[in-house]
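**Student:** Mind looking over this structure? Questions follow.
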Amino acid sequence: MRRVIGGCVTTPMDAPESSQYADPEAVAAGARGAENRSLRQIAWQRFRRDKVGMAGGIVVVLLVLAALLAPLLTAWFGHPPTQFNQHLIDPLTGGVLRDPDNPGPGVDLDPWGGIGAQHPLGVEPVNGRDLFSRVVHGARTSLLVATVATVVCVAIGTVLGMTAGYFGGWVDTVISRAMDIFLAFPLLLFAIALVGVIPDGAFGLTGNGLRIGVLVFIIGFFNWPYIGRIVRGQTLTLKEREFVEAARSLGAGSAHIVFREILPNLVTPILVYSTLLIPTNILFEAALSFLGVGINPPTPTWGGMLENALRFYTIAPHFVIVPGLAVFVTVLAFNLFGDGLRDAFDPRSSD
Amino acid sequence: MLSYILRRLGAGLLLLAVVTMVTFAIFYVVPRWAGRSVEQLATMYVGRAPTAEAIAATVERLGLDRPVVVQFGEFVRGIFLGAEYRFGRETIECSAPCLGYSFQTYQEVFPEIVARLPVTVSLAVGAGILWLVGGIAVGVVSAVWKGSLFDRAAMAIALTGVSLPVFFTGLLILAFPVHSWGWFDTPRYVPFTEDPWGWAEGMFLPWITLAFLHAAMYARQTRAGMLEVLGEDYIRTARAKGLNERSVVLKHALRPTLTPIVTIFGLDLGLVLGGAVLTEQVFSLNGIGRYAVSAITQSDLPVILGVTLFGAVFIVVCNLLVDLLYPLVDPRVRIR
């Protein structure tokens, strides 16, 4: 249920193929003496007790805030993400000077990249751009691409998954085969190829607008089967349930059953698995930027910074750590948050 | 059993056909949708600073102005029978299987891929063995000693592992143990036939980097599967009839746990064989993946096309192999 592309995880872990998902009644029955609590209230109470999941959730909220408020944060520290600070840099090696005001005889480089009150995370080698500002702005790109791509995955996956599960027969066979086929594609290579063949100005988009569009399309269009499988499995079980049977016997058409009876019950699992798909998509976006086929410089991206770090790790080891940790912390936080949500909604976990 | 094999072969061929079609579409159809003219498309295949004549010749040669179906036929024909490229009086042979011809380096793509294959295969196979054995071993021990210190530590590390992209772990290894602390030499590829020890030494760090991520996932998967199986009735029966714990775990519980893992392993190995793009890029190993990445900076489209197709074939073949090996792992398939 998950796949790895060139060493980049592209799906949520442990996503069950068919459902072991919260059957609302089972959860309600499991929570004895809590007849008046809804499924969401029960899940929320469970989730609140899950310290690791909560920590993940808090970090996710902070990251989203940081991304939204990036221009404010940057203005506060006074270093725009593209401002060069050449005076901090040793012109010979491109490394960051230990004491820029007082460059003594010989080159004295700071392995911590000038971390201090002025630059809380130090500066880049060669052009001295402020790393804090670039990391915070990088969060915007990362979260934007990952979120929009996840929405695309969810949209395609829900429509096709429900169609396959509800209608069954040859429709199901065709869609399920298609999901297998999509999983067999060398995604990273396809992404590289697509970026290579699509010219600037295509589809009325230029520069980074186009790049973001292409990234969202690739990630969304090739990762939908994960959501698709989960939705299909859910639909298969839901359509046999009594309330659907009841609606049908009252004369409801397919459209009513699909949109009014089944879809509302799919909202929770879809939301939970979307949370687990976001980190996968963040990693994918970072991987593409690392390979130089993501967002164009000078727009800061974590992957792009790591690509630069590959060139300068000998003179500026801190430059590896800062964007790398940004990716790691973000992905870990989303994974913990998603795992926590999944467990909270899982009827089999103990209450 | 025969019908199972035939059906799997059929499915494999179908998958291959679809992947070829999609690859073709990406290179020949998508650019047109995106608004490239036939001439612009041809330019991407001719190379730097082409003359108008060369562009016209490429349009002619690739038949870019013909219907898409005809072009696809030619494309497939090239793979099986080879192709010829004519530029004025000059004729370039691209022998079968022709995955394209780079007009930037004046080389056929397929032999170039084959030349880089040992690097990618070394990386994939070495890392594959490491992550399969390591991941399953850790997963089994964690499941058996559920809740122990080992289990909790291993699962915490595994959760960290799945959140660490290889380009970050690889860079960390390069920056600290290799460069700053000088514990290892910079990884490089030495052919196995020349110096087996040097080969293993040079590939060790890339193996670790690539295997860590996968091992983390396999450990989580194995643990979850084992825990589920260990709760089954037949395990209780096995224990009740007095089997020792070792054979309960290793013979009765491990086998059904392995079935889904073997499937995933086939897919993962296929993907990595088709180019461990990120690992090769981080450690500057000249494998198939890096070949494609360096081609993009020069807009050398035939190379990217060739590698993409080659990678897809690997995935399909690995999937097929897993399907064919499946009856050995899961006897129920034989009966069906």
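Each chain in the structure tokens gets a letter, A, B, ..., in the order shown, and its residues are numbered from 1; ligands are numbered from 1 in order too.
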Based on only C-alpha atoms, which of the residues in chain B come within 6 Å of chain A? I want them as a PyMOL selection string.
**Tutor:** chain B and resi 31+34-35+163-166+168+175+272+276-278+308+312
**Student:** Would you please extract all strand (DSSP E) residues from stretch 55-232 of chain B, as assigned by DSSP on the backbone, and give them as a count of residues only?
**Tutor:** 14
**Student:** Using only C-alpha atoms, find the one residue out of B:Leu205, B:Val70, B:Leu328, B:Leu301 that sits nearest to B:Leu258.
**Tutor:** B:Leu328
**Student:** Between atom CA of B:Ile26 and atom CA of B:Thr43, what is the spacing in Å?
**Tutor:**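 Value for the atom CA of B:Thr43-atom CA of B:Ile26 distance: 16.4 Å.
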**Student:** Could you jot down the atom CA of A:Gly128 to atom CA of A:Leu69 separation for me, Å, one decimal place?
**Tutor:** 22.7 Å
